[in-house]
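Pasted below: model07.tsv, TSV, C-alpha atoms.
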chain	number	residue	atom	x	y	z
A	1	MET	CA	-59.14	-9.44	39.87
A	2	ASN	CA	-56.02	-7.36	40.19
A	3	ILE	CA	-52.55	-8.59	39.33
A	4	ASP	CA	-49.54	-6.97	40.94
A	5	ALA	CA	-46.26	-6.43	39.14
A	6	LYS	CA	-44.44	-9.44	40.61
A	7	THR	CA	-47.13	-11.93	39.68
A	8	PHE	CA	-47.24	-10.52	36.17
A	9	LEU	CA	-43.45	-10.85	35.88
A	10	ASP	CA	-43.54	-14.44	37.12
A	11	GLY	CA	-46.26	-15.37	34.65
A	12	MET	CA	-44.41	-13.77	31.78
A	13	CYS	CA	-41.21	-15.60	32.80
A	14	ALA	CA	-43.06	-18.90	32.72
A	15	ILE	CA	-44.58	-18.12	29.32
A	16	GLY	CA	-41.19	-17.06	28.00
A	17	ALA	CA	-39.60	-20.27	29.25
A	18	GLY	CA	-42.26	-22.31	27.50
A	19	LEU	CA	-41.83	-20.35	24.28
A	20	ALA	CA	-38.03	-20.69	24.41
A	21	ALA	CA	-38.36	-24.46	24.59
A	22	ILE	CA	-39.93	-24.37	21.09
A	23	GLY	CA	-36.38	-23.76	19.87
A	24	CYS	CA	-35.65	-27.43	20.60
A	25	LEU	CA	-37.60	-28.22	17.41
A	26	GLY	CA	-34.69	-27.08	15.26
A	27	GLY	CA	-32.28	-29.36	17.05
A	28	GLY	CA	-34.61	-32.30	16.52
A	29	VAL	CA	-34.83	-31.63	12.79
A	30	GLY	CA	-31.04	-31.26	12.59
A	31	VAL	CA	-30.32	-34.48	14.46
A	32	GLY	CA	-32.79	-36.37	12.30
A	33	THR	CA	-31.28	-35.07	9.09
A	34	VAL	CA	-27.72	-35.84	10.18
A	35	THR	CA	-28.53	-39.40	11.24
A	36	GLY	CA	-30.66	-40.07	8.15
A	37	LYS	CA	-27.94	-38.95	5.79
A	38	ALA	CA	-25.33	-40.94	7.70
A	39	ILE	CA	-27.45	-44.10	7.39
A	40	GLU	CA	-27.96	-43.44	3.68
A	41	SER	CA	-24.24	-43.18	3.10
A	42	LEU	CA	-23.60	-46.25	5.25
A	43	ALA	CA	-26.08	-48.28	3.22
A	44	ARG	CA	-24.30	-47.22	0.06
A	45	GLN	CA	-20.78	-47.80	1.42
A	46	PRO	CA	-20.75	-50.06	4.47
A	47	GLU	CA	-16.93	-50.23	4.51
A	48	ALA	CA	-16.70	-46.50	5.35
A	49	LYS	CA	-18.27	-47.03	8.76
A	50	GLY	CA	-15.51	-45.53	10.91
A	51	PRO	CA	-15.12	-42.12	9.24
A	52	VAL	CA	-18.87	-41.76	8.65
A	53	MET	CA	-19.64	-42.49	12.30
A	54	SER	CA	-17.09	-40.03	13.69
A	55	THR	CA	-18.21	-37.28	11.29
A	56	MET	CA	-21.80	-38.04	12.22
A	57	PHE	CA	-21.06	-37.56	15.91
A	58	ILE	CA	-19.44	-34.18	15.25
A	59	GLY	CA	-22.44	-33.15	13.16
A	60	LEU	CA	-24.77	-34.37	15.90
A	61	ALA	CA	-22.91	-32.28	18.45
A	62	PHE	CA	-23.30	-29.14	16.35
A	63	ALA	CA	-26.96	-29.81	15.56
A	64	GLU	CA	-27.76	-30.60	19.17
A	65	VAL	CA	-26.14	-27.57	20.73
A	66	THR	CA	-28.65	-25.14	19.19
A	67	SER	CA	-31.52	-26.85	20.96
A	68	LEU	CA	-29.46	-26.88	24.15
A	69	TYR	CA	-29.13	-23.10	23.93
A	70	ALA	CA	-32.92	-22.82	23.71
A	71	LEU	CA	-33.21	-25.11	26.69
A	72	LEU	CA	-30.64	-23.07	28.60
A	73	VAL	CA	-32.69	-19.89	28.07
A	74	SER	CA	-35.80	-21.52	29.47
A	75	ILE	CA	-33.90	-23.07	32.39
A	76	LEU	CA	-32.29	-19.75	33.26
A	77	LEU	CA	-35.68	-18.02	33.12
A	78	LEU	CA	-37.21	-20.58	35.44
A	79	PHE	CA	-34.37	-20.91	37.93
A	80	LEU	CA	-33.04	-17.38	38.16
A	81	LYS	CA	-36.02	-15.13	37.47
A	82	TRP	CA	-39.01	-17.15	38.58
A	83	GLN	CA	-39.35	-16.90	42.33
B	84	MET	CA	-33.84	-26.65	42.95
B	85	SER	CA	-31.23	-24.13	41.98
B	86	LEU	CA	-28.38	-23.87	39.51
B	87	ASP	CA	-25.77	-23.02	42.14
B	88	ALA	CA	-23.75	-25.79	43.70
B	89	GLU	CA	-24.09	-26.27	47.45
B	90	THR	CA	-21.32	-24.90	49.62
B	91	VAL	CA	-19.80	-27.60	51.77
B	92	PHE	CA	-17.35	-25.45	53.77
B	93	SER	CA	-15.63	-22.09	53.46
B	94	LEU	CA	-11.97	-21.23	53.62
B	95	HIS	CA	-10.77	-17.87	54.93
B	96	VAL	CA	-7.55	-16.75	53.28
B	97	PHE	CA	-6.35	-13.15	53.70
B	98	ASN	CA	-9.79	-11.56	54.14
B	99	HIS	CA	-11.15	-13.55	51.22
B	100	THR	CA	-13.75	-16.23	51.63
B	101	ILE	CA	-13.41	-19.19	49.31
B	102	ASN	CA	-16.51	-21.34	49.17
B	103	VAL	CA	-15.72	-24.96	48.52
B	104	THR	CA	-18.75	-26.39	46.73
B	105	ASN	CA	-19.82	-29.99	46.56
B	106	SER	CA	-18.86	-30.25	42.90
B	107	ILE	CA	-15.24	-29.63	43.90
B	108	VAL	CA	-15.45	-32.18	46.69
B	109	ILE	CA	-16.84	-34.75	44.24
B	110	GLN	CA	-13.97	-34.00	41.88
B	111	TRP	CA	-11.47	-34.56	44.70
B	112	ALA	CA	-13.12	-37.87	45.50
B	113	VAL	CA	-13.00	-38.90	41.83
B	114	MET	CA	-9.34	-37.87	41.64
B	115	VAL	CA	-8.54	-40.04	44.66
B	116	ILE	CA	-10.47	-42.97	43.19
B	117	ILE	CA	-8.70	-42.68	39.83
B	118	THR	CA	-5.28	-42.35	41.48
B	119	VAL	CA	-5.84	-45.36	43.71
B	120	LEU	CA	-7.19	-47.41	40.79
B	121	VAL	CA	-4.24	-46.50	38.60
B	122	ILE	CA	-1.68	-47.28	41.29
B	123	ALA	CA	-3.36	-50.54	42.23
B	124	LEU	CA	-3.93	-51.73	38.68
B	125	THR	CA	-0.57	-50.87	37.16
B	126	LYS	CA	1.56	-52.64	39.76
B	127	ASP	CA	3.89	-55.50	38.79
B	128	PHE	CA	3.50	-55.50	35.02
B	129	LYS	CA	5.09	-58.45	33.25
B	130	LYS	CA	6.35	-59.06	29.77
B	131	ILE	CA	3.66	-61.64	29.15
B	132	PRO	CA	0.40	-59.88	30.11
B	133	GLY	CA	-2.03	-61.46	32.49
B	134	LYS	CA	-5.78	-60.81	32.57
B	135	ARG	CA	-5.61	-57.46	34.37
B	136	GLN	CA	-2.71	-56.19	32.31
B	137	SER	CA	-4.32	-57.07	28.97
B	138	VAL	CA	-7.48	-55.14	29.91
B	139	ILE	CA	-5.42	-52.06	30.76
B	140	GLU	CA	-3.38	-52.45	27.60
B	141	MET	CA	-6.66	-52.59	25.67
B	142	ILE	CA	-7.86	-49.32	27.23
B	143	VAL	CA	-4.57	-47.54	26.57
B	144	GLY	CA	-4.47	-48.93	23.04
B	145	PHE	CA	-8.02	-47.76	22.40
B	146	ILE	CA	-7.25	-44.19	23.49
B	147	SER	CA	-3.98	-44.18	21.57
B	148	ASN	CA	-5.70	-45.39	18.40
B	149	PHE	CA	-8.54	-42.92	18.89
B	150	VAL	CA	-6.14	-39.97	19.08
B	151	SER	CA	-3.92	-41.17	16.23
B	152	ASP	CA	-6.93	-41.78	13.95
B	153	ASN	CA	-8.29	-38.31	14.52
B	154	MET	CA	-5.13	-36.23	14.73
B	155	GLY	CA	-2.53	-38.18	12.80
B	156	ASP	CA	0.81	-39.49	13.98
B	157	LYS	CA	2.32	-36.02	14.39
B	158	TYR	CA	0.27	-35.49	17.56
B	159	LYS	CA	1.39	-38.55	19.51
B	160	SER	CA	2.31	-36.29	22.45
B	161	PHE	CA	-1.37	-35.41	22.91
B	162	ILE	CA	-2.39	-38.96	23.82
B	163	PRO	CA	-1.82	-38.57	27.60
B	164	PHE	CA	-3.64	-35.24	27.75
B	165	ILE	CA	-6.71	-36.33	25.77
B	166	GLY	CA	-6.84	-39.69	27.51
B	167	THR	CA	-6.60	-38.21	31.00
B	168	MET	CA	-9.28	-35.66	30.27
B	169	GLY	CA	-11.53	-38.33	28.81
B	170	ILE	CA	-11.15	-40.71	31.74
B	171	PHE	CA	-11.65	-37.94	34.31
B	172	LEU	CA	-14.75	-36.59	32.54
B	173	LEU	CA	-16.14	-40.10	32.17
B	174	PHE	CA	-15.80	-40.78	35.89
B	175	LEU	CA	-17.37	-37.39	36.69
B	176	ASN	CA	-20.34	-38.11	34.42
B	177	LEU	CA	-20.87	-41.58	35.82
B	178	THR	CA	-21.15	-40.51	39.47
B	179	GLY	CA	-24.93	-40.40	38.95
B	180	LEU	CA	-24.90	-44.18	39.10
B	181	VAL	CA	-23.84	-44.25	42.75
B	182	GLY	CA	-26.36	-41.67	43.90
B	183	VAL	CA	-24.21	-38.54	43.65
B	184	GLU	CA	-25.41	-35.97	41.15
B	185	PRO	CA	-22.73	-35.57	38.46
B	186	SER	CA	-20.57	-32.56	39.20
B	187	THR	CA	-20.49	-31.69	35.49
B	188	LYS	CA	-23.99	-30.31	35.99
B	189	ASP	CA	-22.29	-27.31	37.58
B	190	ILE	CA	-21.32	-24.86	34.84
B	191	ASN	CA	-18.13	-23.85	36.65
B	192	VAL	CA	-16.70	-27.35	36.30
B	193	THR	CA	-17.37	-27.61	32.58
B	194	ALA	CA	-16.14	-24.04	32.08
B	195	GLY	CA	-12.86	-25.11	33.66
B	196	PHE	CA	-12.56	-28.00	31.22
B	197	ALA	CA	-13.44	-25.76	28.28
B	198	LEU	CA	-10.82	-23.25	29.42
B	199	ILE	CA	-8.19	-26.01	29.46
B	200	SER	CA	-9.11	-26.98	25.89
B	201	PHE	CA	-9.08	-23.32	24.83
B	202	VAL	CA	-5.57	-22.80	26.20
B	203	VAL	CA	-4.32	-26.04	24.67
B	204	ILE	CA	-5.83	-25.26	21.25
B	205	ASN	CA	-4.39	-21.75	21.07
B	206	ALA	CA	-1.01	-22.58	22.62
B	207	ASN	CA	-0.60	-25.42	20.15
B	208	ALA	CA	-1.51	-23.11	17.26
B	209	PHE	CA	0.98	-20.45	18.44
B	210	MET	CA	3.73	-23.00	18.85
B	211	LYS	CA	3.18	-24.73	15.52
B	212	ILE	CA	2.58	-21.81	13.16
B	213	GLY	CA	3.85	-18.82	15.14
B	214	ILE	CA	2.24	-15.43	15.73
B	215	LYS	CA	2.49	-14.54	12.05
B	216	GLY	CA	0.71	-17.65	10.89
B	217	TYR	CA	-1.92	-17.24	13.61
B	218	GLY	CA	-2.61	-13.67	12.51
B	219	LYS	CA	-2.77	-14.77	8.88
B	220	LYS	CA	-5.42	-17.34	9.78
B	221	LEU	CA	-7.49	-14.65	11.48
B	222	VAL	CA	-7.87	-12.57	8.31
B	223	ARG	CA	-8.76	-15.49	6.09
B	224	PRO	CA	-10.31	-15.45	3.47
B	225	TYR	CA	-10.15	-11.64	3.46
B	226	ALA	CA	-9.62	-8.90	6.03
B	227	LEU	CA	-13.32	-8.13	6.52
B	228	MET	CA	-13.79	-11.55	8.12
B	229	PHE	CA	-11.49	-10.67	11.03
B	230	PRO	CA	-14.28	-9.99	13.60
B	231	MET	CA	-16.06	-13.21	12.71
B	232	ASN	CA	-12.89	-15.27	13.00
B	233	LEU	CA	-12.05	-13.67	16.33
B	234	LEU	CA	-15.57	-14.33	17.57
B	235	GLU	CA	-15.27	-17.95	16.51
B	236	LYS	CA	-12.16	-18.35	18.69
B	237	PHE	CA	-14.08	-17.25	21.77
B	238	THR	CA	-17.42	-18.94	21.13
B	239	LEU	CA	-15.61	-22.26	20.84
B	240	PRO	CA	-14.91	-22.80	24.59
B	241	PHE	CA	-18.33	-21.33	25.33
B	242	SER	CA	-20.10	-23.92	23.20
B	243	LEU	CA	-17.86	-26.72	24.50
B	244	CYS	CA	-18.74	-25.92	28.08
B	245	LEU	CA	-22.45	-25.33	27.49
B	246	ARG	CA	-22.85	-28.58	25.56
B	247	LEU	CA	-21.55	-30.76	28.38
B	248	PHE	CA	-23.23	-28.69	31.10
B	249	CYS	CA	-26.69	-28.64	29.46
B	250	ASN	CA	-26.70	-32.36	28.76
B	251	MET	CA	-25.78	-33.32	32.30
B	252	LEU	CA	-28.09	-30.70	33.86
B	253	VAL	CA	-31.06	-31.90	31.82
B	254	GLY	CA	-30.35	-35.47	32.84
B	255	SER	CA	-30.20	-34.63	36.51
B	256	ILE	CA	-33.34	-32.44	36.34
B	257	ILE	CA	-35.37	-35.18	34.64
B	258	LEU	CA	-34.12	-37.82	37.07
B	259	GLY	CA	-34.96	-35.55	40.00
B	260	LEU	CA	-38.49	-34.97	38.69
B	261	LEU	CA	-38.89	-38.69	38.14
B	262	TYR	CA	-37.83	-39.52	41.71
B	263	GLN	CA	-40.22	-36.89	43.08
B	264	LEU	CA	-43.03	-38.41	41.04
B	265	LEU	CA	-42.27	-41.98	42.03
B	266	ILE	CA	-42.42	-41.19	45.74
B	267	TYR	CA	-46.16	-40.61	45.35
B	268	VAL	CA	-46.77	-43.76	43.32
B	269	SER	CA	-45.57	-46.45	45.69
B	270	TYR	CA	-42.60	-47.41	47.80
B	271	ILE	CA	-41.20	-50.13	45.53
B	272	THR	CA	-41.17	-48.38	42.14
B	273	PRO	CA	-38.32	-45.97	42.96
B	274	PHE	CA	-35.97	-48.97	42.89
B	275	VAL	CA	-37.01	-50.36	39.49
B	276	ILE	CA	-38.37	-47.68	37.14
B	277	PRO	CA	-35.42	-45.21	37.23
B	278	ILE	CA	-32.92	-47.84	36.02
B	279	PRO	CA	-33.49	-47.33	32.25
B	280	PHE	CA	-33.54	-43.55	32.78
B	281	HIS	CA	-30.24	-43.74	34.65
B	282	PHE	CA	-28.87	-45.88	31.86
B	283	PHE	CA	-29.86	-43.33	29.22
B	284	PHE	CA	-29.05	-40.06	30.98
B	285	ASP	CA	-25.97	-41.10	32.93
B	286	VAL	CA	-24.29	-43.87	30.95
B	287	PHE	CA	-25.30	-43.21	27.34
B	288	ASP	CA	-25.39	-39.41	27.47
B	289	GLY	CA	-22.28	-39.25	29.63
B	290	ILE	CA	-20.22	-41.43	27.31
B	291	ILE	CA	-21.44	-39.66	24.15
B	292	GLN	CA	-20.69	-36.22	25.60
B	293	VAL	CA	-17.19	-37.24	26.71
B	294	TYR	CA	-16.60	-38.66	23.23
B	295	ILE	CA	-17.76	-35.41	21.61
B	296	PHE	CA	-15.71	-33.27	23.99
B	297	MET	CA	-12.58	-35.27	23.21
B	298	ILE	CA	-13.18	-35.36	19.47
B	299	LEU	CA	-13.90	-31.62	19.25
B	300	THR	CA	-10.80	-30.75	21.28
B	301	MET	CA	-8.69	-32.90	18.98
B	302	LEU	CA	-10.31	-31.51	15.84
B	303	TYR	CA	-9.83	-27.88	16.81
B	304	THR	CA	-6.27	-28.49	18.00
B	305	LYS	CA	-5.45	-30.03	14.65
B	306	MET	CA	-7.32	-27.43	12.61
B	307	GLY	CA	-5.83	-24.50	14.51
B	308	ALA	CA	-2.27	-25.52	13.68
B	309	GLU	CA	-2.81	-26.18	9.99
B	310	GLU	CA	-1.27	-23.82	7.50
B	311	GLU	CA	-2.64	-23.10	4.07

Write-out of the structure in structure tokens:
Amino acid sequence: MNIDAKTFLDGMCAIGAGLAAIGCLGGGVGVGTVTGKAIESLARQPEAKGPVMSTMFIGLAFAEVTSLYALLVSILLLFLKWQ
Amino acid sequence: MSLDAETVFSLHVFNHTINVTNSIVIQWAVMVIITVLVIALTKDFKKIPGKRQSVIEMIVGFISNFVSDNMGDKYKSFIPFIGTMGIFLLFLNLTGLVGVEPSTKDINVTAGFALISFVVINANAFMKIGIKGYGKKLVRPYALMFPMNLLEKFTLPFSLCLRLFCNMLVGSIILGLLYQLLIYVSYITPFVIPIPFHFFFDVFDGIIQVYIFMILTMLYTKMGAEEE
């Protein structure tokens, strides 16, 4: 079995895309931590719902964007490099 | 499937070819819809509000409260800008519900929005604290941090645009895969099964991302103009 250069490149792109998607793990951990802490503070102080919720959404946005970067790398590999 | 938007038609202006993509055409359609809605709904307002007028007053009041809560009363002049951007982005994100892929899944559209926020944030900072104050903020807490602070200024619109773009792109990719799968299953399921997925990826994700875009723009506008 012989593999030419293009096939090898395609395979490596696919493997790289799959590996890049592992980066979504970090985003999941971050989102879980943010939401858990927000619920803890809400249970302690239910009257502070408004500020806690808006801060939580900002934190969620920052935690989520890291996993989106990982996803973007894999999407770019698949759509632009993988023929 | 590709990341580039489809070209609908091309304009030839002075030896340059301008490709008008479908994401621009969708934006034009949304602009027309919003304009017509606004003109039709805000006609003949009375002192004692009827049903239609109280709903619109509720929406305007909600946006006004949202901006005042997050930015304080000093930024009352930002209410129209933030509100318009929010409503426009919301309509763009919700086009998935009528069978048109949301045009925010094209990175050029979201980059345009992020550029608007970037200009607004920095112009507001320049106007409020002046060039001297702006430069002083760049070398805070000490001069060695200058490159990092400068980098932060430019990664901000980048992250704003990628956040919205990635969320909408992922939604449309998953929905597309789902529709391709359902074609093989049977002829009735494509009408029923995608509904919860549409609800999550278009409605929930769209609203949350618009909310985050608005809140981050407001936050950075406020933070950029604060002095020590």

* Could you please select, counting all atoms listed in the file, the residues of chain B within 10 Å of chain A and state them as a PyMOL selection string? => chain B and resi 84-87+152-153+242-243+245-250+252-253+291-292+294-296+298-299+302

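You will find CA of Cys24 in chain A at 10.3 Å from CA of Ala63 in chain A.
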
* Skip Phe283 in chain B itself and residues of its chain fewer than 3 positions away, then list as JSON, numbers by chain all residues within 12 Å of it, counting all atoms listed in the file. => {"B": [177, 179, 180, 250, 251, 253, 254, 255, 257, 258, 277, 278, 279, 280, 286, 287, 288, 289, 290, 291]}

* Nearest to Gly307 in chain B by atom-to-atom distance, counting only C-alpha atoms, from B:Phe174, B:Tyr270, B:Phe201, B:Phe128 ->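 That would be B:Phe201, the residue with the smallest distance to Gly307 in chain B.
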
* Atomic distance CA of Val143 in chain B - CA of Gly166 in chain B, expressed in Å with one decimal ->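 Distance reported for this atom pair: 8.2 Å.
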
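The residue that comes closest to Val192 in chain B, out of B:Val113, B:Ile204, B:Leu172, B:Ile165 and on the basis of only C-alpha atoms, is B:Leu172.
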
* State, in Å with one decimal place, the distance from CA of Ala14 in chain A to CA of Met1 in chain A. => 20.0 Å

* Asked: Is there a way to get, as a list in words, all residues within 12 Å of the point (4.6, -18.7, 14.5) in file coordinates, counting only C-alpha atoms?
  -> Asn205, Ala206, Asn207, Ala208, Phe209, Met210, Lys211, Ile212, Gly213, Ile214, Lys215, Gly216, Tyr217, Gly218, Lys219, Lys220, Gly307, Ala308, Glu309 and Glu310 of chain B

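For the set B:Tyr225, B:Phe237, B:Phe171, B:Tyr262, the residue with the smallest atom-to-atom gap to Leu198 in chain B is B:Phe237, counting only C-alpha atoms.
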
* Using all atoms listed in the file, find the one residue out of A:Val29, A:Ala70, A:Ala43, A:Leu77 that sits nearest to Gly11 in chain A. => A:Leu77

* Asked: Excluding same-chain residues fewer than 6 positions from Trp111 in chain B, what lies within 12 Å of it counting all atoms listed in the file, as a PyMOL selection string?
  -> chain B and resi 103-105+117-118+171+174-175+186
